[in-house]
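J.: Below is run_17.tsv; it holds TSV, C-alpha atoms.
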chain	number	residue	atom	x	y	z
A	1	CYS	CA	1.84	129.32	34.85
A	2	THR	CA	-0.61	131.80	36.30
A	3	GLY	CA	-3.45	134.23	35.68
A	4	PRO	CA	-5.11	137.05	37.63
A	5	SER	CA	-7.26	134.57	39.57
A	6	LEU	CA	-5.51	131.18	39.35
A	7	LEU	CA	-2.03	129.86	40.11
A	8	ALA	CA	-0.70	126.57	38.74
A	9	ASN	CA	2.22	124.87	40.47
A	10	TYR	CA	4.40	121.79	40.05
A	11	LEU	CA	5.30	119.82	43.18
A	12	HIS	CA	8.18	117.33	43.20
A	13	ILE	CA	8.60	114.90	46.11
A	14	ASN	CA	11.49	112.46	46.35
A	15	PRO	CA	10.82	108.85	47.39
A	16	GLY	CA	10.54	108.53	51.15
A	17	GLU	CA	10.18	112.28	51.65
A	18	SER	CA	7.20	114.51	52.39
A	19	LEU	CA	6.03	118.01	51.44
A	20	THR	CA	3.38	120.19	53.09
A	21	THR	CA	1.12	122.42	50.99
A	22	LYS	CA	-1.11	125.19	52.28
A	23	ALA	CA	-2.78	127.94	50.26
A	24	ASN	CA	-4.66	131.08	51.23
A	25	SER	CA	-7.43	130.34	48.74
A	26	ALA	CA	-11.08	129.41	48.29
A	27	SER	CA	-10.33	126.02	46.74
A	28	GLN	CA	-7.57	123.87	45.28
A	29	VAL	CA	-7.12	120.87	42.99
A	30	PHE	CA	-4.35	118.28	42.62
A	31	PHE	CA	-3.50	115.92	39.74
A	32	CYS	CA	-0.85	113.24	40.28
A	33	ILE	CA	1.39	113.35	37.19
A	34	ARG	CA	3.47	110.42	38.46
A	35	GLY	CA	4.24	108.50	41.63
A	36	LYS	CA	2.26	107.17	44.57
A	37	GLY	CA	1.84	107.87	48.25
A	38	LYS	CA	-0.58	109.38	50.74
A	39	SER	CA	-1.59	112.76	52.14
A	40	GLU	CA	-2.52	113.53	55.74
A	41	THR	CA	-5.16	116.22	56.30
A	42	ALA	CA	-7.52	117.37	59.04
A	43	GLU	CA	-10.24	115.58	57.04
A	44	GLY	CA	-8.38	112.25	57.08
A	45	THR	CA	-5.77	110.33	55.07
A	46	LEU	CA	-5.86	110.20	51.26
A	47	THR	CA	-4.02	107.52	49.25
A	48	TRP	CA	-3.13	108.43	45.67
A	49	LYS	CA	-1.18	107.26	42.61
A	50	THR	CA	-0.42	108.31	39.01
A	51	GLY	CA	-3.48	109.72	37.25
A	52	ASP	CA	-5.57	110.38	40.38
A	53	TYR	CA	-7.26	113.76	40.85
A	54	PHE	CA	-8.64	115.41	43.97
A	55	ALA	CA	-10.06	118.79	45.00
A	56	ALA	CA	-10.50	120.40	48.40
A	57	PRO	CA	-11.31	123.61	50.26
A	58	GLY	CA	-8.54	126.16	49.87
A	59	ALA	CA	-7.51	126.34	53.52
A	60	LEU	CA	-7.07	122.58	53.93
A	61	GLU	CA	-3.42	121.74	54.63
A	62	PHE	CA	-1.92	118.62	53.07
A	63	CYS	CA	1.19	116.72	54.15
A	64	HIS	CA	2.09	114.63	51.08
A	65	ALA	CA	4.34	111.60	51.68
A	66	ALA	CA	5.77	109.91	48.58
A	67	GLU	CA	6.58	106.21	48.19
A	68	ASP	CA	7.93	106.70	44.65
A	69	ASP	CA	9.36	109.69	42.81
A	70	THR	CA	6.28	111.93	42.65
A	71	ALA	CA	5.10	114.96	40.71
A	72	PHE	CA	1.84	116.85	41.27
A	73	TYR	CA	0.04	119.53	39.30
A	74	TRP	CA	-1.53	121.85	41.91
A	75	VAL	CA	-3.92	124.70	41.07
A	76	ASN	CA	-5.50	127.16	43.49
A	77	ASP	CA	-7.09	130.62	43.42
A	78	GLU	CA	-4.69	132.28	45.84
A	79	PRO	CA	-3.97	135.21	43.42
A	80	LEU	CA	-7.63	136.24	43.62
A	81	PHE	CA	-7.60	136.04	47.43
A	82	ARG	CA	-4.39	138.09	47.63
A	83	TYR	CA	-5.89	140.75	45.36
A	84	LEU	CA	-9.05	140.93	47.47
A	85	GLY	CA	-7.14	140.83	50.76
A	86	ALA	CA	-9.35	137.88	51.72
A	87	ARG	CA	-8.86	134.83	53.90
A	88	PRO	CA	-10.83	131.56	53.86
A	89	ASP	CA	-13.38	131.12	56.62
A	90	LYS	CA	-15.94	128.35	56.20
A	91	SER	CA	-15.92	126.39	52.94
A	92	PRO	CA	-19.16	125.36	51.20
A	93	ILE	CA	-17.51	122.25	49.73
A	94	ARG	CA	-16.03	119.01	50.98
A	95	PRO	CA	-13.01	117.25	49.44
A	96	VAL	CA	-13.70	115.11	46.38
A	97	PHE	CA	-11.52	112.35	44.86
A	98	PHE	CA	-11.43	110.81	41.36
A	99	SER	CA	-9.27	107.74	40.78
A	100	HIS	CA	-7.45	107.26	37.46
A	101	GLU	CA	-9.57	104.16	36.83
A	102	ALA	CA	-12.84	106.06	37.37
A	103	LEU	CA	-11.73	108.87	35.05
A	104	GLU	CA	-10.75	106.44	32.29
A	105	GLU	CA	-13.95	104.41	32.65
A	106	GLU	CA	-16.18	107.48	32.29
A	107	LEU	CA	-14.04	108.83	29.45
A	108	ALA	CA	-14.48	105.57	27.53
A	109	LYS	CA	-18.27	105.98	27.74
A	110	VAL	CA	-18.09	109.51	26.38
A	111	ARG	CA	-15.74	108.41	23.59
A	112	ALA	CA	-18.18	105.71	22.46
A	113	GLU	CA	-21.04	108.23	22.55
A	114	ASN	CA	-19.19	110.87	20.51
A	115	GLU	CA	-17.49	108.58	17.96
A	116	GLY	CA	-17.71	110.16	14.50
A	117	LYS	CA	-19.33	113.39	15.71
A	118	ASP	CA	-17.84	116.84	15.11
A	119	LYS	CA	-17.44	117.96	18.71
A	120	ASN	CA	-15.42	120.78	20.25
A	121	ARG	CA	-15.01	118.72	23.42
A	122	ASN	CA	-14.81	115.00	24.06
A	123	GLY	CA	-14.45	114.69	27.81
A	124	ILE	CA	-15.98	114.52	31.25
A	125	LEU	CA	-16.69	117.54	33.41
A	126	LEU	CA	-15.47	116.76	36.91
A	127	ALA	CA	-18.15	117.70	39.43
A	128	ASN	CA	-18.63	117.91	43.18
A	129	VAL	CA	-21.96	116.95	44.77
A	130	ASP	CA	-21.61	120.10	46.89
A	131	CYS	CA	-21.85	122.22	43.68
A	132	PRO	CA	-25.20	121.07	42.18
A	133	VAL	CA	-25.97	124.34	40.41
A	134	THR	CA	-22.61	125.01	38.72
A	135	LYS	CA	-21.71	121.30	38.28
A	136	THR	CA	-18.07	122.22	38.90
A	137	VAL	CA	-15.31	120.50	40.85
A	138	THR	CA	-15.22	123.30	43.44
A	139	HIS	CA	-17.35	126.41	43.98
A	140	THR	CA	-14.69	128.56	42.25
A	141	MET	CA	-13.05	126.21	39.70
A	142	TRP	CA	-14.16	123.93	36.88
A	143	SER	CA	-12.16	121.11	35.35
A	144	LEU	CA	-12.50	118.87	32.28
A	145	TYR	CA	-10.77	115.55	31.56
A	146	ASN	CA	-10.70	115.83	27.77
A	147	LEU	CA	-9.75	113.20	25.17
A	148	LEU	CA	-8.33	114.14	21.77
A	149	PRO	CA	-8.22	110.88	19.76
A	150	LYS	CA	-5.45	110.28	17.21
A	151	GLN	CA	-5.89	111.93	13.80
A	152	THR	CA	-8.75	114.16	14.97
A	153	ARG	CA	-9.41	117.81	15.74
A	154	GLN	CA	-11.82	119.60	18.07
A	155	LYS	CA	-13.23	122.68	16.39
A	156	ALA	CA	-12.72	126.21	17.65
A	157	HIS	CA	-14.56	127.17	20.82
A	158	ARG	CA	-14.13	129.63	23.69
A	159	HIS	CA	-15.14	130.14	27.30
A	160	ASN	CA	-15.48	133.11	29.62
A	161	SER	CA	-12.88	131.98	32.15
A	162	ILE	CA	-9.15	131.50	31.90
A	163	ALA	CA	-8.04	127.87	31.47
A	164	LEU	CA	-4.69	126.49	32.61
A	165	ASP	CA	-4.32	123.40	30.41
A	166	LEU	CA	-2.16	120.49	31.57
A	167	CYS	CA	-1.18	118.00	28.86
A	168	VAL	CA	-1.62	114.60	30.53
A	169	SER	CA	-0.52	112.57	27.51
A	170	ALA	CA	0.18	113.21	23.82
A	171	GLY	CA	2.17	112.04	20.84
A	172	PRO	CA	4.10	114.32	18.46
A	173	ASP	CA	2.27	116.85	16.27
A	174	THR	CA	-0.46	117.47	18.84
A	175	TYR	CA	-1.24	121.12	19.50
A	176	THR	CA	-3.76	123.87	20.24
A	177	LEU	CA	-4.30	126.96	18.09
A	178	ILE	CA	-5.28	130.05	20.11
A	179	GLY	CA	-6.46	133.43	18.81
A	180	ARG	CA	-8.81	136.35	19.33
A	181	LYS	CA	-10.92	135.94	16.18
A	182	ILE	CA	-12.23	133.32	13.73
A	183	ASP	CA	-13.05	133.64	10.04
A	184	SER	CA	-16.33	132.80	8.30
A	185	LYS	CA	-15.33	129.11	8.12
A	186	GLY	CA	-14.61	128.84	11.84
A	187	ASN	CA	-10.82	128.88	11.48
A	188	ILE	CA	-8.75	130.90	13.96
A	189	ILE	CA	-7.11	134.02	12.49
A	190	ASP	CA	-3.36	134.48	13.18
A	191	PRO	CA	-3.27	131.86	15.96
A	192	VAL	CA	-0.65	131.17	18.58
A	193	LYS	CA	0.38	127.49	18.35
A	194	ALA	CA	0.80	125.68	21.69
A	195	MET	CA	2.44	122.27	21.24
A	196	TRP	CA	1.30	119.51	23.60
A	197	SER	CA	3.97	117.76	25.63
A	198	PRO	CA	3.16	115.46	28.58
A	199	GLY	CA	3.46	117.44	31.82
A	200	ALA	CA	3.51	120.83	30.08
A	201	VAL	CA	0.93	123.58	30.61
A	202	PHE	CA	-0.43	126.24	28.27
A	203	VAL	CA	-2.93	129.07	28.86
A	204	THR	CA	-6.15	129.83	26.99
A	205	PRO	CA	-7.19	133.38	27.95
A	206	PRO	CA	-10.84	134.28	28.65
A	207	GLY	CA	-12.85	134.81	25.47
A	208	TRP	CA	-10.09	133.62	23.12
A	209	TRP	CA	-10.92	131.01	20.48
A	210	HIS	CA	-8.96	127.75	20.55
A	211	SER	CA	-9.03	124.48	18.62
A	212	HIS	CA	-7.27	121.21	19.49
A	213	HIS	CA	-5.44	119.16	16.81
A	214	ASN	CA	-3.95	115.67	17.01
A	215	GLU	CA	-2.01	114.73	13.88
A	216	SER	CA	-0.17	111.88	15.59
A	217	GLY	CA	-0.90	108.17	15.83
A	218	GLU	CA	-1.52	108.35	19.60
A	219	ASP	CA	-4.55	109.44	21.61
A	220	ALA	CA	-4.00	112.53	23.78
A	221	ILE	CA	-5.56	113.86	26.99
A	222	VAL	CA	-5.64	117.44	28.26
A	223	LEU	CA	-6.81	118.63	31.68
A	224	PRO	CA	-7.90	122.30	31.82
A	225	VAL	CA	-8.64	124.01	35.16
Transcribe the structure of this file into C-alpha cells.
T.:
Amino acid sequence: CTGPSLLANYLHINPGESLTTKANSASQVFFCIRGKGKSETAEGTLTWKTGDYFAAPGALEFCHAAEDDTAFYWVNDEPLFRYLGARPDKSPIRPVFFSHEALEEELAKVRAENEGKDKNRNGILLANVDCPVTKTVTHTMWSLYNLLPKQTRQKAHRHNSIALDLCVSAGPDTYTLIGRKIDSKGNIIDPVKAMWSPGAVFVTPPGWWHSHHNESGEDAIVLPV
C-alpha cells in the first residue's frame, strides 16, 4: 500500500526471532498490530506490545525481537527520498512513543467531549514535542487515532495529503466512501466503498472527499498516516 511519498509495510516476526528494519527516509512510524517484544536502537531499547505506537527519525535502525507472534504496520517516506535522490543527514526530531493505554485514555476523553456532536473526526492527533508548529508525529508525517462509534457516521471531509488508513478494529458493515466530488447535501458522488477489516489498509488520495460509516454494533478505530 503506497503513494508517491509514503510507503506502508507489514512486518511479521515469529516468536523468539528478530527482524532488522532500516529505511532511507526522513521519518518512520510503527504500530504494533499484535504481539510483544523489544527493539534495540542506537537511541536505546524500546519495549512494546499490541496497540503501542512509536515514531522515529528515518535513518534510525531497529532490531525488533519478538516474544510472541508479532505483526507491525510500518510507514516511512522512502519513496519521496528515492525520487529526490536524497539521504538522511541530521534529523530535527527525536523518537516518540505512545502506549496503547495512553492512546485509549486520551481517546476516551475526546469521545466524552464529542458525544452527540456531528463531527467529521473523533480522535486524537498524535504529536511530537519536536514539532510544535505542525503538531504532527514527525516533521514529515501526521497521524490520527480515530474512533468511529457503533451506529454512527463521520461526515464527508478531505485533506491535502495522502492518507494510508489502517483499520485497527471494526465490526461488520463498517466502511469508508471515497470520491472526488460531493453534492449539495454533502453526500459523496459515485463513491468507491472501502470496507474496514482489522489489519487492512485503504488509501484516501489527496483532495478526495471521504466519509466513515459504522453500521455495526461494535466501535471501530482507524489509524491514518
J.: Between A:Leu11, A:Ile189, A:Ile182, A:Ala102, which one has atoms that come closest to Phe30 of chain A, using only C-alpha atoms?
T.: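 Ranked by minimum distance to Phe30 of chain A, first place goes to A:Leu11.
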J.: Grab the atom CA of Arg82 of chain A to atom CA of Thr21 of chain A distance for me, in Å with one decimal place.
T.: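 The value is 16.9 Å.
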J.: Tell me which of A:Ala71, A:Ile221, A:Val29, A:Leu103 sits closest to Gly58 of chain A, counting all atoms listed in the file.
T.: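 For Gly58 of chain A, the nearest of the given residues is A:Val29.
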J.: Identify, on the basis of only C-alpha atoms, every residue whose closest approach to Arg158 of chain A does not exceed 9 Å; exclude the query and any residue fewer than 2 positions from it along the same chain; express the result as a list in words.
T.: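 With the cut-off at 9 Å, the set is Ala156, Asn160, Ser161, Thr204, Pro205, Pro206, Gly207, Trp208, Trp209, His210 and Ser211 of chain A.
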J.: Generate the output file for the selected residues, C-alpha atoms, as a compact mmCIF listing (two decimals), keeping the file's coordinate frame.
T.:
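Just written: selection-v2.txt:
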# COMPACT_ATOMS: atom_id res chain seq x y z
CA ALA A 156 -12.72 126.21 17.65
CA ASN A 160 -15.48 133.11 29.62
CA SER A 161 -12.88 131.98 32.15
CA THR A 204 -6.15 129.83 26.99
CA PRO A 205 -7.19 133.38 27.95
CA PRO A 206 -10.84 134.28 28.65
CA GLY A 207 -12.85 134.81 25.47
CA TRP A 208 -10.09 133.62 23.12
CA TRP A 209 -10.92 131.01 20.48
CA HIS A 210 -8.96 127.75 20.55
CA SER A 211 -9.03 124.48 18.62
J.: Separation of atom CA of Asn24 of chain A and atom CA of Val201 of chain A, in Å?
T.: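 Distance reported for this atom pair: 22.6 Å.
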J.: Need the shell around Tyr73 of chain A: protein/DNA/RNA residues with any atom at most 6 Å away, counting all atoms listed in the file. Skip same-chain ones fewer than 6 positions apart. Format as a ChimeraX atom specification?
T.: /A:9-10,30-31
J.: Which residue is closest to Thr174 of chain A? Choose from A:Val222, A:Leu107, A:Ala66, A:Ile162 and count all atoms listed in the file.
T.: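 For Thr174 of chain A, the nearest of the candidates is A:Val222.
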J.: From the options A:Ala23, A:Leu144, A:Ile93, A:Ile13, which residue's atoms come nearest to Val168 of chain A, counting only C-alpha atoms?
T.: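 Once distances to Val168 of chain A are computed over only C-alpha atoms, the minimum belongs to A:Leu144.
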J.: Can you tell me, as an mmCIF file with C-alpha atoms, in the coordinates of the input, what residues are no more than 10 Å from segment 5-7 of chain A when counting all atoms listed in the file, ignoring any on the same chain fewer than 6 positions away?
T.:
data_model
loop_
_atom_site.group_PDB
_atom_site.id
_atom_site.type_symbol
_atom_site.label_atom_id
_atom_site.label_comp_id
_atom_site.auth_asym_id
_atom_site.auth_seq_id
_atom_site.Cartn_x
_atom_site.Cartn_y
_atom_site.Cartn_z
ATOM 1 C CA SER A 25 -7.430 130.340 48.740
ATOM 2 C CA GLN A 28 -7.570 123.870 45.280
ATOM 3 C CA TRP A 74 -1.530 121.850 41.910
ATOM 4 C CA VAL A 75 -3.920 124.700 41.070
ATOM 5 C CA ASN A 76 -5.500 127.160 43.490
ATOM 6 C CA ASP A 77 -7.090 130.620 43.420
ATOM 7 C CA GLU A 78 -4.690 132.280 45.840
ATOM 8 C CA PRO A 79 -3.970 135.210 43.420
ATOM 9 C CA LEU A 80 -7.630 136.240 43.620
ATOM 10 C CA PHE A 81 -7.600 136.040 47.430
ATOM 11 C CA ARG A 82 -4.390 138.090 47.630
ATOM 12 C CA TYR A 83 -5.890 140.750 45.360
ATOM 13 C CA THR A 140 -14.690 128.560 42.250
ATOM 14 C CA MET A 141 -13.050 126.210 39.700
ATOM 15 C CA SER A 161 -12.880 131.980 32.150
ATOM 16 C CA ILE A 162 -9.150 131.500 31.900
ATOM 17 C CA ALA A 163 -8.040 127.870 31.470
ATOM 18 C CA LEU A 164 -4.690 126.490 32.610
ATOM 19 C CA VAL A 225 -8.640 124.010 35.160
#
J.: Using only C-alpha atoms, which of the listed residues (A:Cys63, A:Arg94, A:Ser99, A:Glu106) sits closest to Lys49 of chain A?
T.: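 Among A:Cys63, A:Arg94, A:Ser99, A:Glu106, it is A:Ser99 that comes nearest to Lys49 of chain A.
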J.: Using only C-alpha atoms, which residue out of A:Ala65, A:Leu84, A:Leu125, A:Ala42 lies closest to Tyr145 of chain A?
T.: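 Distance minimum relative to Tyr145 of chain A lands on A:Leu125.
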